[in-house]
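Below is start35.cif, which holds mmCIF, C-alpha atoms and all ligand atoms.
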```cif
data_input
#
loop_
_atom_site.label_atom_id
_atom_site.label_comp_id
_atom_site.auth_asym_id
_atom_site.auth_seq_id
_atom_site.Cartn_x
_atom_site.Cartn_y
_atom_site.Cartn_z
CA MET A 1 16.18 -38.45 21.34
CA LEU A 2 17.23 -42.14 21.31
CA THR A 3 16.43 -44.43 18.40
CA LEU A 4 17.29 -48.09 17.94
CA LYS A 5 16.75 -49.41 14.44
CA ASP A 6 16.97 -53.13 13.84
CA ALA A 7 19.56 -53.31 16.64
CA THR A 8 21.06 -56.80 16.77
CA VAL A 9 23.68 -58.34 19.06
CA ARG A 10 24.67 -61.99 18.71
CA PHE A 11 26.62 -64.18 21.10
CA GLY A 12 27.55 -67.26 19.05
CA ASP A 13 24.45 -68.30 17.16
CA ARG A 14 22.11 -66.77 19.71
CA ALA A 15 20.73 -63.25 19.30
CA ALA A 16 20.70 -61.42 22.67
CA LEU A 17 19.13 -58.49 20.81
CA ASP A 18 17.12 -59.47 17.78
CA ALA A 19 16.31 -56.60 15.37
CA VAL A 20 15.00 -54.29 18.09
CA ASP A 21 13.28 -51.04 17.13
CA LEU A 22 12.79 -48.56 19.96
CA GLU A 23 12.29 -44.81 20.33
CA VAL A 24 12.74 -42.85 23.53
CA ALA A 25 11.45 -39.28 23.32
CA GLU A 26 13.06 -36.29 25.02
CA HIS A 27 12.01 -36.07 28.72
CA GLU A 28 10.53 -39.56 28.60
CA THR A 29 11.22 -42.32 31.13
CA VAL A 30 11.17 -45.76 29.53
CA CYS A 31 11.57 -48.92 31.63
CA VAL A 32 12.65 -52.16 30.05
CA LEU A 33 11.29 -55.25 31.77
CA GLY A 34 11.68 -58.92 31.11
CA PRO A 35 12.79 -62.24 32.53
CA SER A 36 16.45 -63.02 33.15
CA GLY A 37 18.36 -63.44 29.88
CA SER A 38 15.80 -61.59 27.74
CA GLY A 39 18.39 -59.02 26.61
CA LYS A 40 17.70 -56.02 28.87
CA SER A 41 21.30 -55.39 29.91
CA THR A 42 22.54 -56.02 26.39
CA LEU A 43 20.17 -53.30 25.16
CA LEU A 44 21.53 -50.79 27.69
CA ARG A 45 25.12 -51.74 26.98
CA ALA A 46 24.56 -51.33 23.23
CA VAL A 47 23.14 -47.83 23.76
CA ALA A 48 26.00 -46.88 26.09
CA GLY A 49 28.61 -48.12 23.62
CA LEU A 50 29.82 -50.90 25.92
CA GLN A 51 28.60 -53.52 23.47
CA ALA A 52 29.12 -53.36 19.69
CA LEU A 53 26.16 -54.08 17.42
CA ASP A 54 26.22 -56.93 14.92
CA GLY A 55 23.50 -55.21 12.94
CA GLY A 56 21.27 -52.17 12.95
CA ARG A 57 21.90 -48.74 14.42
CA VAL A 58 21.76 -46.69 17.62
CA LEU A 59 21.09 -42.97 17.14
CA LEU A 60 21.28 -40.29 19.83
CA GLY A 61 19.75 -36.94 18.91
CA GLY A 62 19.65 -38.18 15.31
CA ALA A 63 23.39 -38.99 15.14
CA ASP A 64 24.52 -42.55 14.45
CA GLN A 65 26.66 -43.73 17.36
CA ALA A 66 28.64 -46.38 15.44
CA GLY A 67 32.28 -45.90 16.42
CA VAL A 68 31.49 -43.28 19.09
CA PRO A 69 33.20 -44.35 22.34
CA VAL A 70 31.34 -44.55 25.65
CA HIS A 71 32.68 -41.29 27.08
CA ARG A 72 31.66 -39.29 24.02
CA ARG A 73 28.04 -40.44 23.96
CA GLU A 74 26.97 -38.10 26.78
CA VAL A 75 25.02 -40.82 28.50
CA GLY A 76 24.93 -41.18 32.27
CA LEU A 77 25.22 -44.69 33.58
CA MET A 78 24.05 -46.01 36.91
CA PHE A 79 24.70 -49.71 36.70
CA GLN A 80 24.35 -52.37 39.34
CA ASP A 81 28.03 -53.24 39.04
CA HIS A 82 29.13 -49.60 38.95
CA GLN A 83 29.99 -49.32 42.61
CA LEU A 84 31.07 -46.08 44.21
CA PHE A 85 34.81 -45.51 44.65
CA PRO A 86 35.38 -46.45 48.30
CA GLN A 87 38.62 -44.48 48.63
CA ARG A 88 36.96 -41.19 47.62
CA ASP A 89 34.52 -39.26 49.77
CA VAL A 90 30.97 -38.53 48.60
CA GLY A 91 31.98 -35.27 46.90
CA GLY A 92 34.86 -37.00 45.11
CA ASN A 93 32.48 -39.61 43.77
CA VAL A 94 29.94 -37.08 42.52
CA ALA A 95 32.66 -34.94 40.93
CA PHE A 96 34.18 -37.89 39.07
CA GLY A 97 32.47 -37.30 35.71
CA LEU A 98 33.05 -33.54 35.97
CA ARG A 99 36.79 -34.07 36.44
CA MET A 100 36.84 -36.38 33.43
CA HIS A 101 35.21 -33.59 31.41
CA GLY A 102 37.83 -31.08 32.55
CA VAL A 103 35.43 -28.95 34.61
CA GLY A 104 37.30 -26.44 36.84
CA ARG A 105 37.52 -26.93 40.62
CA ALA A 106 35.22 -24.10 41.66
CA GLU A 107 32.53 -25.19 39.26
CA GLN A 108 32.93 -28.80 40.38
CA GLY A 109 32.33 -27.76 43.98
CA ALA A 110 29.20 -25.80 43.13
CA ARG A 111 27.78 -28.57 40.99
CA VAL A 112 28.48 -31.25 43.63
CA ALA A 113 26.68 -29.17 46.27
CA GLU A 114 23.73 -28.64 43.93
CA LEU A 115 23.46 -32.36 43.16
CA LEU A 116 23.73 -33.45 46.77
CA ASP A 117 20.86 -31.07 47.55
CA LEU A 118 18.91 -32.52 44.68
CA VAL A 119 19.24 -36.14 45.82
CA GLY A 120 18.45 -35.26 49.43
CA LEU A 121 21.99 -35.41 50.89
CA PRO A 122 22.83 -31.74 51.46
CA GLY A 123 26.28 -31.14 52.91
CA ALA A 124 27.32 -34.80 52.68
CA GLY A 125 30.32 -34.08 50.41
CA ARG A 126 32.95 -34.90 53.03
CA ARG A 127 31.40 -38.11 54.27
CA ALA A 128 33.14 -41.40 53.63
CA VAL A 129 31.25 -43.69 51.28
CA ALA A 130 31.48 -46.54 53.80
CA SER A 131 29.55 -44.48 56.38
CA LEU A 132 26.46 -44.30 54.15
CA SER A 133 23.43 -46.57 54.20
CA GLY A 134 22.50 -48.54 51.06
CA GLY A 135 19.84 -46.00 50.10
CA GLU A 136 22.23 -43.09 50.61
CA GLN A 137 24.87 -44.79 48.46
CA GLN A 138 22.26 -45.22 45.74
CA ARG A 139 21.55 -41.48 45.89
CA VAL A 140 25.26 -40.69 45.57
CA ALA A 141 25.49 -43.00 42.55
CA LEU A 142 22.54 -41.15 41.03
CA ALA A 143 24.13 -37.76 41.72
CA ARG A 144 27.35 -39.00 40.12
CA ALA A 145 25.48 -40.12 36.99
CA LEU A 146 23.56 -36.84 36.74
CA ALA A 147 26.52 -34.52 37.40
CA PRO A 148 27.79 -34.13 33.80
CA ARG A 149 24.21 -33.35 32.63
CA PRO A 150 23.90 -36.40 30.38
CA ARG A 151 21.55 -36.29 27.39
CA LEU A 152 20.29 -39.69 28.42
CA LEU A 153 20.42 -41.30 31.85
CA MET A 154 20.57 -45.07 31.88
CA LEU A 155 19.81 -47.10 34.97
CA ASP A 156 20.35 -50.84 35.32
CA GLU A 157 18.39 -52.26 38.26
CA PRO A 158 18.83 -48.90 40.02
CA LEU A 159 17.24 -50.03 43.27
CA GLY A 160 18.02 -53.72 42.95
CA GLN A 161 19.79 -54.35 46.25
CA LEU A 162 17.67 -52.20 48.52
CA ASP A 163 14.87 -53.47 50.70
CA ARG A 164 11.30 -53.22 49.51
CA GLY A 165 10.14 -50.26 51.63
CA LEU A 166 13.11 -48.12 50.68
CA ARG A 167 12.71 -49.01 47.02
CA GLU A 168 9.10 -47.96 47.04
CA ARG A 169 10.02 -44.59 48.54
CA LEU A 170 13.00 -44.01 46.26
CA VAL A 171 11.06 -44.85 43.12
CA VAL A 172 8.59 -42.06 43.89
CA GLU A 173 11.47 -39.66 44.56
CA LEU A 174 13.19 -40.64 41.33
CA ARG A 175 10.06 -40.06 39.30
CA GLN A 176 9.59 -36.62 40.84
CA LEU A 177 13.24 -35.77 40.31
CA PHE A 178 13.27 -36.80 36.65
CA GLY A 179 10.07 -34.83 36.08
CA ARG A 180 11.60 -31.74 37.65
CA LEU A 181 14.89 -32.02 35.75
CA GLY A 182 13.29 -33.08 32.46
CA THR A 183 15.78 -35.96 32.27
CA THR A 184 15.41 -38.56 29.52
CA VAL A 185 15.72 -41.97 31.15
CA LEU A 186 16.13 -45.53 29.95
CA ALA A 187 15.98 -47.95 32.87
CA VAL A 188 16.15 -51.71 33.17
CA THR A 189 14.53 -53.63 35.97
CA HIS A 190 13.05 -57.03 36.51
CA ASP A 191 10.70 -55.65 39.16
CA GLN A 192 7.42 -54.81 37.47
CA GLY A 193 6.18 -52.71 40.38
CA GLU A 194 9.25 -50.52 40.05
CA ALA A 195 8.89 -50.23 36.27
CA PHE A 196 5.20 -49.38 36.42
CA ALA A 197 5.80 -46.75 39.13
CA LEU A 198 8.73 -45.10 37.37
CA ALA A 199 7.94 -45.24 33.67
CA ASP A 200 5.99 -43.18 31.19
CA ARG A 201 6.30 -46.22 28.95
CA VAL A 202 7.27 -49.82 29.63
CA VAL A 203 8.90 -52.24 27.20
CA VAL A 204 8.57 -55.96 27.92
CA MET A 205 11.31 -58.09 26.38
CA ARG A 206 11.36 -61.76 25.49
CA ASP A 207 14.32 -63.58 23.91
CA GLY A 208 15.94 -60.42 22.58
CA ARG A 209 12.74 -59.01 21.11
CA ILE A 210 10.14 -56.54 22.27
CA ALA A 211 7.04 -58.48 23.28
CA GLN A 212 5.03 -55.34 24.07
CA ALA A 213 5.61 -51.60 24.54
CA GLY A 214 3.11 -49.10 25.86
CA ALA A 215 1.99 -46.90 28.72
CA PRO A 216 2.01 -48.82 32.03
CA LEU A 217 -1.76 -48.77 32.36
CA GLU A 218 -2.26 -49.90 28.78
CA VAL A 219 0.13 -52.85 29.16
CA TRP A 220 -1.43 -53.74 32.50
CA GLN A 221 -4.96 -53.61 31.13
CA ARG A 222 -4.28 -55.13 27.73
CA PRO A 223 -1.33 -57.54 27.82
CA ALA A 224 -0.61 -58.32 24.17
CA SER A 225 0.15 -62.00 24.65
CA GLU A 226 0.00 -64.89 27.08
CA PHE A 227 3.72 -64.37 27.70
CA VAL A 228 3.22 -60.75 28.80
CA ALA A 229 0.15 -61.65 30.85
CA ARG A 230 2.00 -64.37 32.75
CA PHE A 231 5.09 -62.18 33.15
CA LEU A 232 2.87 -59.58 34.84
CA GLY A 233 1.66 -62.30 37.19
CA PHE A 234 -1.72 -62.97 35.59
CA ASP A 235 -2.22 -66.73 35.60
CA ASN A 236 -5.95 -67.05 34.85
CA VAL A 237 -5.30 -67.93 31.22
CA VAL A 238 -7.35 -70.59 29.48
CA PRO A 239 -7.93 -71.77 25.88
CA ALA A 240 -11.15 -70.33 24.51
CA THR A 241 -13.41 -70.22 21.48
CA VAL A 242 -14.60 -66.65 21.22
CA GLY A 243 -17.90 -66.02 19.49
CA GLY A 244 -19.84 -62.79 19.87
CA ALA A 245 -20.32 -61.66 23.44
CA ALA A 246 -18.91 -64.76 25.15
CA ALA A 247 -16.13 -67.32 24.99
CA ASP A 248 -16.49 -71.08 25.50
CA THR A 249 -13.90 -72.40 27.94
CA VAL A 250 -13.32 -75.28 30.30
CA TRP A 251 -14.60 -72.87 32.99
CA GLY A 252 -17.89 -72.48 31.09
CA LYS A 253 -19.10 -69.47 29.14
CA ILE A 254 -17.17 -66.31 29.95
CA PRO A 255 -18.39 -62.91 28.77
CA VAL A 256 -15.83 -60.96 26.69
CA PRO A 257 -15.60 -57.20 26.06
CA GLU A 258 -17.55 -55.83 23.12
CA GLY A 259 -15.70 -55.91 19.83
CA SER A 260 -13.42 -58.87 20.74
CA GLY A 261 -12.40 -60.82 17.65
CA ARG A 262 -13.98 -64.24 17.08
CA GLY A 263 -12.11 -67.52 16.86
CA GLU A 264 -9.82 -69.89 18.71
CA GLY A 265 -7.33 -68.45 21.16
CA LYS A 266 -6.83 -67.88 24.83
CA ILE A 267 -8.41 -65.52 27.25
CA LEU A 268 -7.13 -63.92 30.42
CA VAL A 269 -9.46 -63.13 33.30
CA ARG A 270 -7.86 -60.68 35.72
CA PRO A 271 -8.46 -61.77 39.34
CA ALA A 272 -10.68 -58.72 39.91
CA GLY A 273 -13.06 -60.15 37.30
CA VAL A 274 -13.50 -63.49 39.11
CA LEU A 275 -16.57 -62.82 41.24
CA LEU A 276 -17.43 -65.03 44.20
CA ARG A 277 -21.07 -66.05 44.56
CA ALA A 278 -23.18 -68.56 46.46
CA PRO A 279 -22.21 -72.19 45.71
CA GLU A 280 -25.21 -72.84 43.43
CA ASP A 281 -24.49 -69.75 41.33
CA GLY A 282 -22.13 -70.07 38.31
CA LEU A 283 -18.99 -72.25 38.14
CA ALA A 284 -18.65 -74.47 41.22
CA CYS A 285 -15.23 -74.20 42.88
CA THR A 286 -13.51 -75.18 46.12
CA VAL A 287 -11.32 -72.65 47.92
CA GLU A 288 -7.82 -74.10 47.77
CA ALA A 289 -5.85 -71.33 49.47
CA ARG A 290 -6.01 -67.66 50.43
CA THR A 291 -3.22 -65.15 50.75
CA PHE A 292 -3.42 -61.75 52.37
CA ARG A 293 -2.08 -59.07 50.07
CA GLY A 294 -2.49 -55.97 52.22
CA SER A 295 -5.59 -54.34 50.77
CA HIS A 296 -7.22 -57.54 49.51
CA VAL A 297 -7.11 -61.31 49.67
CA ALA A 298 -5.99 -63.46 46.75
CA VAL A 299 -8.22 -66.53 46.72
CA LEU A 300 -7.10 -69.62 44.81
CA LEU A 301 -10.03 -71.68 43.52
CA ARG A 302 -10.19 -75.22 42.20
CA PRO A 303 -12.94 -75.81 39.64
CA ALA A 304 -14.03 -79.37 38.73
CA GLU A 305 -12.10 -79.03 35.46
CA GLY A 306 -9.37 -76.82 34.03
CA PRO A 307 -6.60 -74.78 35.67
CA LEU A 308 -6.88 -73.16 39.10
CA LEU A 309 -8.46 -69.72 39.18
CA GLU A 310 -7.33 -66.72 41.21
CA ALA A 311 -9.91 -64.31 42.55
CA GLU A 312 -9.36 -61.04 44.34
CA CYS A 313 -11.70 -60.12 47.13
CA ALA A 314 -12.10 -57.70 50.01
CA LEU A 315 -10.72 -58.81 53.38
CA ARG A 316 -14.15 -59.06 54.99
CA ASP A 317 -15.62 -61.10 52.10
CA ALA A 318 -12.85 -63.68 51.87
CA PRO A 319 -14.12 -67.27 52.12
CA ASP A 320 -12.26 -69.88 54.16
CA GLU A 321 -10.08 -72.63 52.80
CA GLY A 322 -12.23 -75.64 51.87
CA ASP A 323 -15.40 -73.55 51.34
CA GLU A 324 -17.55 -74.28 48.28
CA VAL A 325 -18.28 -71.17 46.21
CA GLY A 326 -19.78 -70.26 42.84
CA VAL A 327 -17.92 -68.06 40.35
CA THR A 328 -19.14 -65.66 37.67
CA PHE A 329 -16.99 -63.48 35.45
CA ALA A 330 -16.95 -59.73 34.68
CA ALA A 331 -16.37 -58.98 30.98
CA THR A 332 -14.52 -55.75 31.82
CA GLU A 333 -11.67 -57.80 33.34
CA VAL A 334 -11.43 -60.26 30.46
CA VAL A 335 -8.76 -59.89 27.76
CA VAL A 336 -8.83 -61.93 24.56
CA LEU A 337 -5.20 -62.85 23.81
CA PRO A 338 -3.94 -63.44 20.29
CA ASP A 339 -3.29 -67.05 19.35
CA GLU A 340 0.53 -67.41 19.65
CA ARG A 341 0.59 -70.55 17.50
CA ARG A 342 -0.18 -68.50 14.42
N1 LIG B 1 29.30 -61.40 27.03
C1 LIG B 1 28.43 -62.37 26.74
N2 LIG B 1 28.82 -63.50 26.15
C2 LIG B 1 27.94 -64.48 25.81
N3 LIG B 1 26.62 -64.42 26.06
C3 LIG B 1 26.17 -63.31 26.66
C4 LIG B 1 27.04 -62.22 27.04
N4 LIG B 1 26.27 -61.25 27.61
C5 LIG B 1 25.00 -61.70 27.59
N5 LIG B 1 24.93 -62.92 27.02
C6 LIG B 1 23.70 -63.70 26.81
O1 LIG B 1 22.77 -62.88 26.14
C7 LIG B 1 21.44 -63.09 26.65
C8 LIG B 1 20.88 -61.78 27.15
O2 LIG B 1 21.61 -61.37 28.31
P1 LIG B 1 21.29 -60.04 29.12
O3 LIG B 1 22.31 -59.92 30.18
O4 LIG B 1 21.14 -58.92 28.16
O5 LIG B 1 19.88 -60.40 29.74
P2 LIG B 1 19.07 -59.64 30.89
O6 LIG B 1 17.67 -59.60 30.39
O7 LIG B 1 19.73 -58.38 31.22
O8 LIG B 1 19.18 -60.67 32.08
P3 LIG B 1 19.28 -60.41 33.69
O9 LIG B 1 17.93 -59.91 34.10
O10 LIG B 1 19.57 -61.78 34.21
O11 LIG B 1 20.38 -59.43 33.90
C9 LIG B 1 21.58 -64.15 27.71
O12 LIG B 1 21.27 -65.39 27.13
C10 LIG B 1 23.04 -64.10 28.11
O13 LIG B 1 23.48 -65.35 28.56
#
```

Can the structure in the file be given as structure tokens, please?
Ligand SMILES: Nc1ncnc2c1ncn2[C@@H]1O[C@H](COP(=O)(O)OP(=O)(O)OP(=O)(O)O)[C@@H](O)[C@H]1O
Amino acid sequence: MLTLKDATVRFGDRAALDAVDLEVAEHETVCVLGPSGSGKSTLLRAVAGLQALDGGRVLLGGADQAGVPVHRREVGLMFQDHQLFPQRDVGGNVAFGLRMHGVGRAEQGARVAELLDLVGLPGAGRRAVASLSGGEQQRVALARALAPRPRLLMLDEPLGQLDRGLRERLVVELRQLFGRLGTTVLAVTHDQGEAFALADRVVVMRDGRIAQAGAPLEVWQRPASEFVARFLGFDNVVPATVGGAAADTVWGKIPVPEGSGRGEGKILVRPAGVLLRAPEDGLACTVEARTFRGSHVAVLLRPAEGPLLEAECALRDAPDEGDEVGVTFAATEVVVLPDERR
């Protein structure tokens, strides 16, 4: 459905998009993630036709989009800075794209009603935009983007300004809605929770390039690099010499999954794989801090040597700050990361 081949955008001597290859299949939801300045918005803008390419191509349904203006690309945009029109009522906002496409009045009315039903605002057509809550405005913006039946819907930080609880609810609704409509979606967010909840596939960007692309679970379980691991919030990363079933590290010997390549590199131990034991058992650590995270406690441990370690443990098993504990490691939660110096 959407293909980027070698897509490149430069600002001065800096590439905001650096030879990016990406495919989005029909009915697929792809979320682009990455730190600020990694090129996420530039990617969306290039696909929409708001940003010209300095190299490479964007194809929609197999057709090269070079020279095709924004309004002829049949893409729906819901951008952070695309506010609703305050002087128009809800219906007027939703009908905007339909009017631009020359759709007749009666059909506009029917389509607006259908979309307001779809986004959970039935009968809201006459309401003033200013009378809506943030979440309701977001739904109107979504209805407006969906109204002309775009081939591709593009969302830039769709839930960015809403509070956490509302975002978590809306993300589930969005996923259900896109599934029902069979919409093809390319979304950008810097919130990994949102991306992982919404996407069939996530793309992590770094300095204008794709650092990793894959199904959410796959990326979560097997970050392809230290950069991706740290971006996902995994900080138990340590240099390691991997040989056979274990790796030598400053934290001692750590078992690695079967089939891990040998050699110098780094390993990641997910917090669930840092197991707390009696003080005389395994790597001796002092409990530096503990943070309640709802269903579990994140425990920060200071070993005699090397970086701090984060462990995840059940509320009732959480040790107190200052306690001495021992640590062993579960191979299933260990990921051998490629050596980025090579
Ligand atoms: N119009 C522009 N002129 C010059 N530089 C630009 C322009 N637009 C973007 N850039 C630069 O290109 C790089 C990528 O920017 P982009 O907005 O795509 O990043 P982003 O990942 O969307 O960031 P954020 O999460 O902060 O929105 C940044 O270094 C940015 O400063």

- prompt: Within 8 Å of ligand LIG 1 (chain B), counting all atoms listed in the file: which residues, as a list in words?
  reply: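 The residues near ligand LIG 1 (chain B) are Arg10, Phe11, Gly12, Arg14, Ala15, Ala16, Leu17, Leu33, Gly34, Pro35, Ser36, Gly37, Ser38, Gly39, Lys40, Ser41, Thr42, Leu43, Val188, Thr189, His190, Met205, Asp207 and Gly208 of chain A.
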
- prompt: Pick from A:Leu53, A:Ala197, A:Ala19, A:Ala145: nearest to A:Arg167, with only C-alpha atoms counted?
  reply: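 For A:Arg167, the nearest of the given residues is A:Ala197.
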
message: Given all atoms listed in the file as the basis, pick out the residue of A:His101, A:Arg270, A:Arg316, A:His27 nearest to A:Leu232.
response: A:Arg270

Sel. within 7 Å of pt (27.8, -50.7, 12.5), counting only C-alpha atoms, output as JSON, numbers by chain: {"A": [53, 54, 55, 56, 57, 66]}

For stretch 62-67 of chain A, I'd like the enclosing box, axis-aligned and padded by 8 Å on every side, reported as JSON with centre and edge lengths in Å to one decimal.
```
{"center_x": 26.0, "center_y": -42.3, "center_z": 15.9, "size_x": 28.6, "size_y": 24.2, "size_z": 18.9}
```

- prompt: What's the 9 Å shell around stretch 322-328 of chain A, counting only C-alpha atoms, without same-chain residues fewer than 2 positions away, as a list in words?
  reply: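 That gives Ile254, Gly273, Val274, Leu275, Leu276, Arg277, Ala278, Pro279, Glu280, Asp281, Gly282, Leu283, Ala284, Cys285, Thr286, Val287, Glu288, Ala289, Leu301, Pro319, Asp320 and Ala330 of chain A.
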
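Among the candidates A:Ala195, A:Val119, A:Leu268, A:Ala245, the one nearest to A:Gly160 when counting all atoms listed in the file is A:Ala195.
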
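Of the listed residues (A:Ser225, A:Glu312, A:Val203, A:Val335), A:Val335 comes nearest to A:Gly259; the distances count all atoms listed in the file.
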
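Shortest separation to A:Ala130 among A:Gly104, A:Pro150, A:Pro86, A:Pro255 occurs at residue A:Pro86, atoms counted being all atoms listed in the file.
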
task: Could you give me, as number ranges by chain, the residues that sit within 10 Å of (15.5, -32.6, 26.9) in the file's coordinates, counting all atoms listed in the file?
output: A: 1, 25-28, 150-152, 181-184

task: Identify, on the basis of all atoms listed in the file, every residue whose closest approach to A:Val94 does not exceed 9 Å; exclude the query and any residue fewer than 3 positions from it along the same chain; express the result as a count of residues only.
output: 18

Nearby residues (all atoms listed in the file) at most 9 Å from A:Gly61, same-chain spacing under 2 positions excluded, as a PDB file with C-alpha atoms, in the coordinates of the input:
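result_15.pdb was written with the following content:
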```pdb
ATOM      1  CA  MET A   1      16.180 -38.450  21.340  1.00  0.00           C
ATOM      2  CA  LEU A   2      17.230 -42.140  21.310  1.00  0.00           C
ATOM      3  CA  THR A   3      16.430 -44.430  18.400  1.00  0.00           C
ATOM      4  CA  LEU A  59      21.090 -42.970  17.140  1.00  0.00           C
ATOM      5  CA  ALA A  63      23.390 -38.990  15.140  1.00  0.00           C
ATOM      6  CA  ASP A  64      24.520 -42.550  14.450  1.00  0.00           C
ATOM      7  CA  ARG A 151      21.550 -36.290  27.390  1.00  0.00           C
TER       8      ARG A 151
END
```

message: If I take atom CA of A:Leu60 and atom CA of A:Arg201, how far is one from the other in Å, to one decimal?
response: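 Going from atom CA of A:Leu60 over to atom CA of A:Arg201, I get 18.5 Å.
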
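Using only C-alpha atoms, the smallest distance between any of A:Ala128, A:Leu198, A:Arg206, A:Arg293 and A:Val185 comes from A:Leu198.
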